[in-house]
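Just below is one structure, and these are the notes that go with it.
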Amino acid sequence: MRRSDEILIVGGGLAGSEAAWQLAQRGYSVCLVEMRPVATTPAHQTDMMGELVCSNSLGADNLTSPAGILKGELRYLNSLIMEAADHSSVPAGKALAVDRNVFAGYITKKLSGHPQIRIERREITELPEEPAIIATGPLTSPIFAERLRQVTGQEYFSFFDAIAPVVFYDTIDMNKAYQGGRYGQQADYINCPMNEEEYIKFCQALLTAEQAPRHEFEKDVRYFEGCLPVEVIASRGIDTLRFGPLRPVGLPNPSTGAEPYAVVQLRQDNADGTLFNLVGFQTSLKWGEQNRVFRMIPGLENAEFARYGVMHRNIYVNAPKVLDGSLRLRGSKALFLAGQITGVEGYLESTAMGLVAGLHVAFCAAGLQIPLWPKETAIGSLLRYLAETDPKVFHPMNVNLGIFPSLDVKIRPKSLRCQKVGERALRALEEFDKNCLK
Ligand SMILES: Cc1cc2nc3c(=O)[nH]c(=O)nc-3n(C[C@H](O)[C@H](O)[C@H](O)COP(=O)(O)OP(=O)(O)OC[C@H]3O[C@@H](n4cnc5c(N)ncnc54)[C@H](O)[C@@H]3O)c2cc1C
């Protein structure tokens, strides 16, 4: 059982392990509760902390990519997960890939050998007393997930991701696309018009494109009728898309004055307006196929994707509604969420949200105010996404250039732009560390 001087962390995955480490290194006593091997998830296979459930790649590892910027920040903040990754790395070109057993073994050893950390193996089924961190991940055990759903409210708790692809605004060809809402209302949409020939070719490409494989435990997941993958809608008849998400009525093309045969609409995806998602385009197609097929849409021929569409099992909260901007559950004093369940997506994004939750609990425990992370950093940008996105369109997000504030000057190519964003991020983090974290 948890001692009164301990901070409880539920879940010993990437986020929970990182949070435990950050707290313990600052002298706090931690009780880390992991349900494996007493109970397990459909994807985990070992009882180790920080187990990677799928790929052994943690993505690109230099400042010319957003994932590299996040790694730089995590290393700067003495992340245990990054230490384990560097210790267990295997050759993978410009990416950082790891031997998954060495990686998880390293994390497990470090945590179990730490004098401030006590590990318990049991499933948590009730909301823990504060101070605590919930880091139970995208495959949170069913009983606890139900408990969380009751606390957050049904409509703000998701069991499944159905995400449409997101593109960078400045890669949309606005000579072909046009701004405007249906029947002249809400001009916030970008419309990509198709003629009959383009539409038919596009539908055929959708129907023959390769789909991403599903995990065994996801095979029985049935789609909601209101949220069908775009390729499934296309398979229901040649006109189904044209009477569904690609409906052209009320959207005349200003250059011809006529209604196109079909229209793909894009909606703003972040507060800064640098990202737009393809409305109704949730999809299970492989990423390479999305790149090929969705670039057939007029105006998107050269579009760059900030993230691809996915449909998979994933438990997460509607962060802008449920959390207070610092990963704390609204209405609580010191009950934080961490990891993928907060609405970020990816191994290192989850790790980062574990690190942040750990530091924020420490601030609470010390009776200090939680500082605001600089928006120039990858971590600050992810937090801002979780706090400021319109709850109606909120969906999980990975780290990408579109969530960072733009640079004052336009820089091409993208890798150089990213490097400048990365250098700015690390400068801001150093300053933040000196003024707020030390
Ligand atoms: C099948 C699948 C594949 C993925 N593949 C990738 C990928 O290739 N690359 C990528 O970047 N991201 C991937 N992700 C997304 C995500 O990055 C990982 O799931 C990541 O592990 C999330 O970290 P986390 O700490 O939030 O959760 P986890 O690492 O899953 O940790 C949560 C921990 O909580 C424990 N737990 C759950 N419920 C309870 C409870 N009630 N009581 C006690 N303990 C509990 C679990 O056993 C687990 O150890 C994948 C996700 C899934 C579901």
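Residues in the structure tokens are named by chain (A, B, ... in the order shown) and by number from 1 within that chain; ligands are numbered from 1 in the order shown.
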
All alpha helix (DSSP H) positions in range 81-173 of chain A, as a PDB file with all heavy atoms, in the first residue's frame:
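Result went into selection_15.pdb, see below:
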ATOM      1  N   ILE A  81      14.293   7.962 -20.035  1.00  0.00           N
ATOM      2  CA  ILE A  81      13.947   7.211 -21.251  1.00  0.00           C
ATOM      3  C   ILE A  81      14.993   7.486 -22.344  1.00  0.00           C
ATOM      4  O   ILE A  81      15.412   6.577 -23.065  1.00  0.00           O
ATOM      5  CB  ILE A  81      12.526   7.594 -21.736  1.00  0.00           C
ATOM      6  CG1 ILE A  81      11.479   7.274 -20.659  1.00  0.00           C
ATOM      7  CG2 ILE A  81      12.180   6.908 -23.062  1.00  0.00           C
ATOM      8  CD1 ILE A  81      11.382   5.845 -20.204  1.00  0.00           C
ATOM      9  N   MET A  82      15.435   8.731 -22.461  1.00  0.00           N
ATOM     10  CA  MET A  82      16.470   9.042 -23.463  1.00  0.00           C
ATOM     11  C   MET A  82      17.800   8.402 -23.064  1.00  0.00           C
ATOM     12  O   MET A  82      18.549   7.935 -23.922  1.00  0.00           O
ATOM     13  CB  MET A  82      16.640  10.562 -23.618  1.00  0.00           C
ATOM     14  CG  MET A  82      15.569  11.244 -24.437  1.00  0.00           C
ATOM     15  SD  MET A  82      15.245  10.481 -26.037  1.00  0.00           S
ATOM     16  CE  MET A  82      16.839  10.581 -26.802  1.00  0.00           C
ATOM     17  N   GLU A  83      18.081   8.389 -21.776  1.00  0.00           N
ATOM     18  CA  GLU A  83      19.322   7.748 -21.315  1.00  0.00           C
ATOM     19  C   GLU A  83      19.295   6.264 -21.695  1.00  0.00           C
ATOM     20  O   GLU A  83      20.274   5.718 -22.204  1.00  0.00           O
ATOM     21  CB  GLU A  83      19.398   7.919 -19.784  1.00  0.00           C
ATOM     22  CG  GLU A  83      20.713   7.512 -19.166  1.00  0.00           C
ATOM     23  CD  GLU A  83      20.647   7.672 -17.635  1.00  0.00           C
ATOM     24  OE1 GLU A  83      20.264   8.765 -17.148  1.00  0.00           O
ATOM     25  OE2 GLU A  83      20.966   6.695 -16.939  1.00  0.00           O
ATOM     26  N   ALA A  84      18.139   5.631 -21.475  1.00  0.00           N
ATOM     27  CA  ALA A  84      17.988   4.211 -21.819  1.00  0.00           C
ATOM     28  C   ALA A  84      18.113   4.005 -23.326  1.00  0.00           C
ATOM     29  O   ALA A  84      18.721   3.034 -23.794  1.00  0.00           O
ATOM     30  CB  ALA A  84      16.642   3.700 -21.328  1.00  0.00           C
ATOM     31  N   ALA A  85      17.543   4.938 -24.100  1.00  0.00           N
ATOM     32  CA  ALA A  85      17.583   4.810 -25.568  1.00  0.00           C
ATOM     33  C   ALA A  85      19.023   4.945 -26.061  1.00  0.00           C
ATOM     34  O   ALA A  85      19.466   4.175 -26.920  1.00  0.00           O
ATOM     35  CB  ALA A  85      16.699   5.878 -26.203  1.00  0.00           C
ATOM     36  N   ASP A  86      19.754   5.903 -25.517  1.00  0.00           N
ATOM     37  CA  ASP A  86      21.149   6.074 -25.936  1.00  0.00           C
ATOM     38  C   ASP A  86      21.980   4.859 -25.536  1.00  0.00           C
ATOM     39  O   ASP A  86      22.880   4.436 -26.258  1.00  0.00           O
ATOM     40  CB  ASP A  86      21.728   7.367 -25.335  1.00  0.00           C
ATOM     41  CG  ASP A  86      21.094   8.613 -25.983  1.00  0.00           C
ATOM     42  OD1 ASP A  86      20.670   8.506 -27.154  1.00  0.00           O
ATOM     43  OD2 ASP A  86      21.002   9.661 -25.323  1.00  0.00           O
ATOM     44  N   HIS A  87      21.642   4.272 -24.394  1.00  0.00           N
ATOM     45  CA  HIS A  87      22.381   3.101 -23.902  1.00  0.00           C
ATOM     46  C   HIS A  87      22.106   1.863 -24.774  1.00  0.00           C
ATOM     47  O   HIS A  87      22.962   1.002 -24.920  1.00  0.00           O
ATOM     48  CB  HIS A  87      21.955   2.836 -22.452  1.00  0.00           C
ATOM     49  CG  HIS A  87      22.464   1.558 -21.889  1.00  0.00           C
ATOM     50  ND1 HIS A  87      23.755   1.426 -21.407  1.00  0.00           N
ATOM     51  CD2 HIS A  87      21.871   0.334 -21.751  1.00  0.00           C
ATOM     52  CE1 HIS A  87      23.927   0.181 -20.991  1.00  0.00           C
ATOM     53  NE2 HIS A  87      22.808  -0.505 -21.195  1.00  0.00           N
ATOM     54  N   ARG A 100      14.931  -3.439 -27.877  1.00  0.00           N
ATOM     55  CA  ARG A 100      13.819  -3.170 -26.951  1.00  0.00           C
ATOM     56  C   ARG A 100      14.006  -3.829 -25.588  1.00  0.00           C
ATOM     57  O   ARG A 100      13.581  -3.290 -24.567  1.00  0.00           O
ATOM     58  CB  ARG A 100      12.487  -3.559 -27.584  1.00  0.00           C
ATOM     59  CG  ARG A 100      12.353  -5.027 -27.893  1.00  0.00           C
ATOM     60  CD  ARG A 100      11.012  -5.373 -28.534  1.00  0.00           C
ATOM     61  NE  ARG A 100      10.947  -4.935 -29.923  1.00  0.00           N
ATOM     62  CZ  ARG A 100      10.068  -4.055 -30.386  1.00  0.00           C
ATOM     63  NH1 ARG A 100       9.191  -3.521 -29.568  1.00  0.00           N
ATOM     64  NH2 ARG A 100      10.052  -3.720 -31.657  1.00  0.00           N
ATOM     65  N   ASN A 101      14.657  -5.008 -25.561  1.00  0.00           N
ATOM     66  CA  ASN A 101      14.841  -5.670 -24.263  1.00  0.00           C
ATOM     67  C   ASN A 101      15.895  -4.970 -23.420  1.00  0.00           C
ATOM     68  O   ASN A 101      15.736  -4.801 -22.213  1.00  0.00           O
ATOM     69  CB  ASN A 101      15.199  -7.147 -24.462  1.00  0.00           C
ATOM     70  CG  ASN A 101      13.971  -7.935 -24.866  1.00  0.00           C
ATOM     71  OD1 ASN A 101      12.867  -7.628 -24.421  1.00  0.00           O
ATOM     72  ND2 ASN A 101      14.150  -8.912 -25.740  1.00  0.00           N
ATOM     73  N   VAL A 102      16.982  -4.560 -24.089  1.00  0.00           N
ATOM     74  CA  VAL A 102      18.028  -3.825 -23.353  1.00  0.00           C
ATOM     75  C   VAL A 102      17.437  -2.507 -22.840  1.00  0.00           C
ATOM     76  O   VAL A 102      17.659  -2.100 -21.694  1.00  0.00           O
ATOM     77  CB  VAL A 102      19.254  -3.565 -24.273  1.00  0.00           C
ATOM     78  CG1 VAL A 102      20.320  -2.767 -23.534  1.00  0.00           C
ATOM     79  CG2 VAL A 102      19.827  -4.884 -24.793  1.00  0.00           C
ATOM     80  N   PHE A 103      16.647  -1.868 -23.713  1.00  0.00           N
ATOM     81  CA  PHE A 103      16.024  -0.575 -23.381  1.00  0.00           C
ATOM     82  C   PHE A 103      15.131  -0.704 -22.128  1.00  0.00           C
ATOM     83  O   PHE A 103      15.343  -0.021 -21.116  1.00  0.00           O
ATOM     84  CB  PHE A 103      15.201  -0.134 -24.596  1.00  0.00           C
ATOM     85  CG  PHE A 103      14.347   1.090 -24.405  1.00  0.00           C
ATOM     86  CD1 PHE A 103      14.911   2.359 -24.416  1.00  0.00           C
ATOM     87  CD2 PHE A 103      12.969   0.975 -24.244  1.00  0.00           C
ATOM     88  CE1 PHE A 103      14.116   3.493 -24.258  1.00  0.00           C
ATOM     89  CE2 PHE A 103      12.168   2.106 -24.091  1.00  0.00           C
ATOM     90  CZ  PHE A 103      12.752   3.367 -24.105  1.00  0.00           C
ATOM     91  N   ALA A 104      14.172  -1.611 -22.181  1.00  0.00           N
ATOM     92  CA  ALA A 104      13.236  -1.752 -21.047  1.00  0.00           C
ATOM     93  C   ALA A 104      13.960  -2.317 -19.821  1.00  0.00           C
ATOM     94  O   ALA A 104      13.652  -1.942 -18.680  1.00  0.00           O
ATOM     95  CB  ALA A 104      12.065  -2.645 -21.447  1.00  0.00           C
ATOM     96  N   GLY A 105      14.946  -3.190 -20.059  1.00  0.00           N
ATOM     97  CA  GLY A 105      15.712  -3.755 -18.942  1.00  0.00           C
ATOM     98  C   GLY A 105      16.470  -2.657 -18.200  1.00  0.00           C
ATOM     99  O   GLY A 105      16.522  -2.633 -16.963  1.00  0.00           O
ATOM    100  N   TYR A 106      17.028  -1.718 -18.955  1.00  0.00           N
ATOM    101  CA  TYR A 106      17.787  -0.606 -18.365  1.00  0.00           C
ATOM    102  C   TYR A 106      16.869   0.248 -17.489  1.00  0.00           C
ATOM    103  O   TYR A 106      17.196   0.592 -16.353  1.00  0.00           O
ATOM    104  CB  TYR A 106      18.383   0.238 -19.497  1.00  0.00           C
ATOM    105  CG  TYR A 106      19.286   1.362 -19.044  1.00  0.00           C
ATOM    106  CD1 TYR A 106      20.650   1.147 -18.868  1.00  0.00           C
ATOM    107  CD2 TYR A 106      18.777   2.632 -18.799  1.00  0.00           C
ATOM    108  CE1 TYR A 106      21.487   2.184 -18.462  1.00  0.00           C
ATOM    109  CE2 TYR A 106      19.601   3.674 -18.389  1.00  0.00           C
ATOM    110  CZ  TYR A 106      20.959   3.447 -18.235  1.00  0.00           C
ATOM    111  OH  TYR A 106      21.773   4.469 -17.837  1.00  0.00           O
ATOM    112  N   ILE A 107      15.682   0.561 -18.023  1.00  0.00           N
ATOM    113  CA  ILE A 107      14.724   1.408 -17.284  1.00  0.00           C
ATOM    114  C   ILE A 107      14.290   0.686 -15.995  1.00  0.00           C
ATOM    115  O   ILE A 107      14.273   1.269 -14.904  1.00  0.00           O
ATOM    116  CB  ILE A 107      13.493   1.716 -18.169  1.00  0.00           C
ATOM    117  CG1 ILE A 107      13.916   2.551 -19.385  1.00  0.00           C
ATOM    118  CG2 ILE A 107      12.406   2.442 -17.385  1.00  0.00           C
ATOM    119  CD1 ILE A 107      12.871   2.647 -20.481  1.00  0.00           C
ATOM    120  N   THR A 108      13.966  -0.588 -16.132  1.00  0.00           N
ATOM    121  CA  THR A 108      13.491  -1.364 -14.980  1.00  0.00           C
ATOM    122  C   THR A 108      14.551  -1.393 -13.881  1.00  0.00           C
ATOM    123  O   THR A 108      14.257  -1.199 -12.697  1.00  0.00           O
ATOM    124  CB  THR A 108      13.141  -2.805 -15.428  1.00  0.00           C
ATOM    125  OG1 THR A 108      12.281  -2.713 -16.570  1.00  0.00           O
ATOM    126  CG2 THR A 108      12.440  -3.581 -14.332  1.00  0.00           C
ATOM    127  N   LYS A 109      15.811  -1.615 -14.293  1.00  0.00           N
ATOM    128  CA  LYS A 109      16.896  -1.709 -13.309  1.00  0.00           C
ATOM    129  C   LYS A 109      17.098  -0.365 -12.599  1.00  0.00           C
ATOM    130  O   LYS A 109      17.248  -0.303 -11.382  1.00  0.00           O
ATOM    131  CB  LYS A 109      18.172  -2.126 -14.047  1.00  0.00           C
ATOM    132  CG  LYS A 109      19.234  -2.637 -13.137  1.00  0.00           C
ATOM    133  CD  LYS A 109      20.302  -3.382 -13.907  1.00  0.00           C
ATOM    134  CE  LYS A 109      21.539  -3.487 -13.017  1.00  0.00           C
ATOM    135  NZ  LYS A 109      22.768  -3.482 -13.748  1.00  0.00           N
ATOM    136  N   LYS A 110      17.095   0.701 -13.384  1.00  0.00           N
ATOM    137  CA  LYS A 110      17.315   2.027 -12.802  1.00  0.00           C
ATOM    138  C   LYS A 110      16.208   2.376 -11.802  1.00  0.00           C
ATOM    139  O   LYS A 110      16.469   2.924 -10.732  1.00  0.00           O
ATOM    140  CB  LYS A 110      17.318   3.098 -13.906  1.00  0.00           C
ATOM    141  CG  LYS A 110      18.618   3.158 -14.676  1.00  0.00           C
ATOM    142  CD  LYS A 110      19.659   3.840 -13.834  1.00  0.00           C
ATOM    143  CE  LYS A 110      20.723   4.475 -14.682  1.00  0.00           C
ATOM    144  NZ  LYS A 110      21.654   5.280 -13.935  1.00  0.00           N
ATOM    145  N   LEU A 111      14.962   2.062 -12.158  1.00  0.00           N
ATOM    146  CA  LEU A 111      13.839   2.414 -11.274  1.00  0.00           C
ATOM    147  C   LEU A 111      13.845   1.538 -10.029  1.00  0.00           C
ATOM    148  O   LEU A 111      13.684   2.031  -8.909  1.00  0.00           O
ATOM    149  CB  LEU A 111      12.508   2.265 -12.014  1.00  0.00           C
ATOM    150  CG  LEU A 111      12.252   3.238 -13.176  1.00  0.00           C
ATOM    151  CD1 LEU A 111      10.931   2.911 -13.864  1.00  0.00           C
ATOM    152  CD2 LEU A 111      12.224   4.693 -12.694  1.00  0.00           C
ATOM    153  N   SER A 112      14.048   0.222 -10.221  1.00  0.00           N
ATOM    154  CA  SER A 112      13.958  -0.649  -9.041  1.00  0.00           C
ATOM    155  C   SER A 112      15.162  -0.466  -8.116  1.00  0.00           C
ATOM    156  O   SER A 112      15.073  -0.771  -6.922  1.00  0.00           O
ATOM    157  CB  SER A 112      13.747  -2.116  -9.421  1.00  0.00           C
ATOM    158  OG  SER A 112      14.529  -2.439 -10.516  1.00  0.00           O
ATOM    159  N   PRO A 142      -9.513  -2.018 -18.582  1.00  0.00           N
ATOM    160  CA  PRO A 142     -10.926  -1.657 -18.794  1.00  0.00           C
ATOM    161  C   PRO A 142     -11.624  -1.089 -17.567  1.00  0.00           C
ATOM    162  O   PRO A 142     -12.350  -0.101 -17.669  1.00  0.00           O
ATOM    163  CB  PRO A 142     -11.565  -2.973 -19.245  1.00  0.00           C
ATOM    164  CG  PRO A 142     -10.439  -3.766 -19.823  1.00  0.00           C
ATOM    165  CD  PRO A 142      -9.208  -3.370 -19.073  1.00  0.00           C
ATOM    166  N   ILE A 143     -11.397  -1.658 -16.383  1.00  0.00           N
ATOM    167  CA  ILE A 143     -12.123  -1.171 -15.191  1.00  0.00           C
ATOM    168  C   ILE A 143     -11.686   0.261 -14.873  1.00  0.00           C
ATOM    169  O   ILE A 143     -12.498   1.141 -14.598  1.00  0.00           O
ATOM    170  CB  ILE A 143     -11.845  -2.068 -13.964  1.00  0.00           C
ATOM    171  CG1 ILE A 143     -12.305  -3.497 -14.249  1.00  0.00           C
ATOM    172  CG2 ILE A 143     -12.546  -1.522 -12.724  1.00  0.00           C
ATOM    173  CD1 ILE A 143     -11.980  -4.481 -13.138  1.00  0.00           C
ATOM    174  N   PHE A 144     -10.374   0.491 -14.950  1.00  0.00           N
ATOM    175  CA  PHE A 144      -9.880   1.827 -14.622  1.00  0.00           C
ATOM    176  C   PHE A 144     -10.302   2.836 -15.698  1.00  0.00           C
ATOM    177  O   PHE A 144     -10.621   3.992 -15.394  1.00  0.00           O
ATOM    178  CB  PHE A 144      -8.354   1.786 -14.457  1.00  0.00           C
ATOM    179  CG  PHE A 144      -7.794   3.037 -13.845  1.00  0.00           C
ATOM    180  CD1 PHE A 144      -8.256   3.490 -12.619  1.00  0.00           C
ATOM    181  CD2 PHE A 144      -6.815   3.770 -14.488  1.00  0.00           C
ATOM    182  CE1 PHE A 144      -7.751   4.655 -12.041  1.00  0.00           C
ATOM    183  CE2 PHE A 144      -6.302   4.932 -13.928  1.00  0.00           C
ATOM    184  CZ  PHE A 144      -6.778   5.371 -12.702  1.00  0.00           C
ATOM    185  N   ALA A 145     -10.324   2.382 -16.946  1.00  0.00           N
ATOM    186  CA  ALA A 145     -10.770   3.266 -18.032  1.00  0.00           C
ATOM    187  C   ALA A 145     -12.215   3.697 -17.789  1.00  0.00           C
ATOM    188  O   ALA A 145     -12.570   4.863 -17.972  1.00  0.00           O
ATOM    189  CB  ALA A 145     -10.652   2.544 -19.373  1.00  0.00           C
ATOM    190  N   GLU A 146     -13.030   2.770 -17.339  1.00  0.00           N
ATOM    191  CA  GLU A 146     -14.433   3.088 -17.066  1.00  0.00           C
ATOM    192  C   GLU A 146     -14.538   4.105 -15.929  1.00  0.00           C
ATOM    193  O   GLU A 146     -15.322   5.053 -15.986  1.00  0.00           O
ATOM    194  CB  GLU A 146     -15.174   1.783 -16.716  1.00  0.00           C
ATOM    195  CG  GLU A 146     -16.649   1.924 -16.469  1.00  0.00           C
ATOM    196  CD  GLU A 146     -17.398   2.678 -17.579  1.00  0.00           C
ATOM    197  OE1 GLU A 146     -16.985   2.591 -18.749  1.00  0.00           O
ATOM    198  OE2 GLU A 146     -18.378   3.392 -17.244  1.00  0.00           O
ATOM    199  N   ARG A 147     -13.670   3.942 -14.938  1.00  0.00           N
ATOM    200  CA  ARG A 147     -13.646   4.878 -13.803  1.00  0.00           C
ATOM    201  C   ARG A 147     -13.284   6.293 -14.303  1.00  0.00           C
ATOM    202  O   ARG A 147     -13.894   7.278 -13.932  1.00  0.00           O
ATOM    203  CB  ARG A 147     -12.596   4.371 -12.810  1.00  0.00           C
ATOM    204  CG  ARG A 147     -12.666   4.884 -11.458  1.00  0.00           C
ATOM    205  CD  ARG A 147     -13.893   4.374 -10.697  1.00  0.00           C
ATOM    206  NE  ARG A 147     -14.210   5.318  -9.629  1.00  0.00           N
ATOM    207  CZ  ARG A 147     -15.070   6.319  -9.751  1.00  0.00           C
ATOM    208  NH1 ARG A 147     -15.750   6.490 -10.863  1.00  0.00           N
ATOM    209  NH2 ARG A 147     -15.281   7.154  -8.749  1.00  0.00           N
ATOM    210  N   LEU A 148     -12.274   6.334 -15.160  1.00  0.00           N
ATOM    211  CA  LEU A 148     -11.837   7.631 -15.699  1.00  0.00           C
ATOM    212  C   LEU A 148     -12.926   8.265 -16.558  1.00  0.00           C
ATOM    213  O   LEU A 148     -13.138   9.470 -16.538  1.00  0.00           O
ATOM    214  CB  LEU A 148     -10.582   7.451 -16.559  1.00  0.00           C
ATOM    215  CG  LEU A 148      -9.246   7.340 -15.823  1.00  0.00           C
ATOM    216  CD1 LEU A 148      -8.131   7.062 -16.813  1.00  0.00           C
ATOM    217  CD2 LEU A 148      -8.955   8.625 -15.049  1.00  0.00           C
ATOM    218  N   ARG A 149     -13.600   7.420 -17.317  1.00  0.00           N
ATOM    219  CA  ARG A 149     -14.664   7.934 -18.186  1.00  0.00           C
ATOM    220  C   ARG A 149     -15.772   8.584 -17.346  1.00  0.00           C
ATOM    221  O   ARG A 149     -16.302   9.626 -17.698  1.00  0.00           O
ATOM    222  CB  ARG A 149     -15.247   6.798 -19.032  1.00  0.00           C
ATOM    223  CG  ARG A 149     -16.168   7.262 -20.148  1.00  0.00           C
ATOM    224  CD  ARG A 149     -16.739   6.072 -20.902  1.00  0.00           C
ATOM    225  NE  ARG A 149     -17.622   5.295 -20.067  1.00  0.00           N
ATOM    226  CZ  ARG A 149     -18.929   5.488 -19.954  1.00  0.00           C
ATOM    227  NH1 ARG A 149     -19.512   6.431 -20.653  1.00  0.00           N
ATOM    228  NH2 ARG A 149     -19.656   4.734 -19.156  1.00  0.00           N
ATOM    229  N   GLN A 150     -16.057   7.957 -16.195  1.00  0.00           N
ATOM    230  CA  GLN A 150     -17.087   8.539 -15.314  1.00  0.00           C
ATOM    231  C   GLN A 150     -16.637   9.900 -14.780  1.00  0.00           C
ATOM    232  O   GLN A 150     -17.418  10.823 -14.656  1.00  0.00           O
ATOM    233  CB  GLN A 150     -17.368   7.605 -14.130  1.00  0.00           C
ATOM    234  CG  GLN A 150     -18.145   6.363 -14.523  1.00  0.00           C
ATOM    235  CD  GLN A 150     -18.065   5.277 -13.452  1.00  0.00           C
ATOM    236  OE1 GLN A 150     -17.475   5.458 -12.386  1.00  0.00           O
ATOM    237  NE2 GLN A 150     -18.648   4.136 -13.746  1.00  0.00           N
ATOM    238  N   VAL A 151     -15.340  10.006 -14.478  1.00  0.00           N
ATOM    239  CA  VAL A 151     -14.828  11.251 -13.893  1.00  0.00           C
ATOM    240  C   VAL A 151     -14.758  12.368 -14.936  1.00  0.00           C
ATOM    241  O   VAL A 151     -15.107  13.517 -14.660  1.00  0.00           O
ATOM    242  CB  VAL A 151     -13.411  11.001 -13.300  1.00  0.00           C
ATOM    243  CG1 VAL A 151     -12.777  12.307 -12.848  1.00  0.00           C
ATOM    244  CG2 VAL A 151     -13.496  10.034 -12.137  1.00  0.00           C
ATOM    245  N   THR A 152     -14.335  12.023 -16.142  1.00  0.00           N
ATOM    246  CA  THR A 152     -14.129  13.075 -17.152  1.00  0.00           C
ATOM    247  C   THR A 152     -15.419  13.421 -17.894  1.00  0.00           C
ATOM    248  O   THR A 152     -15.538  14.499 -18.457  1.00  0.00           O
ATOM    249  CB  THR A 152     -13.105  12.628 -18.214  1.00  0.00           C
ATOM    250  OG1 THR A 152     -13.572  11.427 -18.809  1.00  0.00           O
ATOM    251  CG2 THR A 152     -11.734  12.390 -17.615  1.00  0.00           C
TER     252      THR A 152
END

Quiz item: Can I get the residues close to ligand 1 as JSON, numbers by chain, where close means within 7 Å and we count only C-alpha atoms and all ligand atoms?
Solution: {"A": [10, 11, 12, 13, 14, 15, 16, 33, 34, 35, 36, 40, 41, 43, 49, 50, 51, 52, 53, 54, 55, 56, 57, 58, 122, 123, 124, 125, 135, 136, 137, 138, 139, 140, 141, 144, 215, 313, 314, 338, 339, 340, 341, 345, 346, 347, 348, 350, 351]}

Quiz item: Skipping near chain neighbours, those fewer than 2 positions away, what residues fall within 12 Å of Leu251 in chain A using only C-alpha atoms, listed as an NGL selection string?
Solution: :A and (177-187 or 189-194 or 246-249 or 253-265)

Exercise. For range 155-163 of chain A, work out the shell of residues within 6 Å, counting only C-alpha atoms and skipping chain neighbours fewer than 2 positions away, then give it as a list in words.
Key: Arg149, Gly153, Gln282, Gly309, Val310, Met311, His312, Arg313, Asn314, Ile315, Tyr316, Val317 and Asn318 of chain A

Exercise. Compile the contact shell of Ser29 in chain A as a PyMOL selection string: residues with an atom at most 9 Å away, counting only C-alpha atoms, same-chain residues fewer than 3 positions apart removed.
Key: chain A and resi 5-8+20+23-24+115-118

Those selected residues, please, written with N, CA and C atoms and delivered as a CSV table (one decimal), in the first residue's frame.
chain,number,residue,atom,x,y,z
A,5,ASP,N,3.8,9.6,2.7
A,5,ASP,CA,4.8,10.5,2.2
A,5,ASP,C,5.0,10.3,0.7
A,6,GLU,N,4.4,9.3,0.1
A,6,GLU,CA,4.7,8.9,-1.3
A,6,GLU,C,3.8,9.6,-2.3
A,7,ILE,N,4.4,9.9,-3.5
A,7,ILE,CA,3.5,10.3,-4.6
A,7,ILE,C,3.2,9.1,-5.4
A,8,LEU,N,2.0,8.9,-5.7
A,8,LEU,CA,1.6,7.6,-6.4
A,8,LEU,C,1.6,7.9,-7.9
A,20,ALA,N,8.3,9.0,-12.6
A,20,ALA,CA,8.9,8.5,-11.4
A,20,ALA,C,10.4,8.9,-11.2
A,23,LEU,N,10.8,12.7,-10.3
A,23,LEU,CA,10.5,13.0,-9.0
A,23,LEU,C,11.5,12.4,-8.0
A,24,ALA,N,11.9,11.2,-8.2
A,24,ALA,CA,12.9,10.5,-7.3
A,24,ALA,C,14.2,11.3,-7.4
A,115,PRO,N,16.7,4.5,-4.5
A,115,PRO,CA,16.2,4.4,-3.1
A,115,PRO,C,14.9,5.2,-2.9
A,116,GLN,N,14.5,6.1,-3.8
A,116,GLN,CA,13.3,6.9,-3.5
A,116,GLN,C,12.1,6.2,-4.2
A,117,ILE,N,12.3,5.1,-5.0
A,117,ILE,CA,11.2,4.5,-5.7
A,117,ILE,C,10.8,3.1,-5.2
A,118,ARG,N,9.5,2.9,-4.9
A,118,ARG,CA,9.0,1.6,-4.5
A,118,ARG,C,8.1,1.1,-5.6

Exercise. Extract, using only C-alpha atoms, all DNA, RNA and protein residues at most 9 Å from Glu349 in chain A, discarding same-chain residues fewer than 4 positions from it, and format them as a PyMOL selection string.
Key: chain A and resi 15+67+70+339-340+344-345+353-354+379+382+397-399

Exercise. Write out as a ChimeraX atom specification all residues of range 142-243 of chain A that backbone DSSP assigns to strand (DSSP E or B).
Key: /A:157-163,166-168,178-179,190-194,211

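Closest approach to Trp373 in chain A from the set A:Asn400, A:Ser332, A:Ser88, A:Ser326 is made by A:Ser326, with distances taken over only C-alpha atoms.
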
Quiz item: Expressed in Å to a single decimal, how great is the separation between CA of Phe276 in chain A and CA of Ile403 in chain A?
Solution: 11.4 Å

Exercise. Name all residues at most 10 Å from Ala132 in chain A (count only C-alpha atoms; drop same-chain ones fewer than 5 positions away) and give them as a list in words.
Key: Glu6, Ile7, Leu8, Ile9, Val10, Val30, Cys31, Leu32, Leu127, Arg328, Lys333, Ala334, Leu335, Phe336, Leu337, Ala357, Gly358 and Val361 of chain A

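Interatomic distance, CA of Arg330 in chain A to CA of Asn270 in chain A: 22.0 Å.
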
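Separating CA of Thr377 in chain A from CA of Ala425 in chain A is a distance of 4.3 Å.
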
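Nearest to Thr274 in chain A of all the residues A:Val293, A:Ile370, A:Leu96, A:Ile172 is A:Ile172, counting only C-alpha atoms.
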
Quiz item: Which residue gives the smallest distance to Glu289 in chain A among A:Cys364, A:Ala303, A:Leu275, A:Ala212, with only C-alpha atoms counted?
Solution: A:Ala212
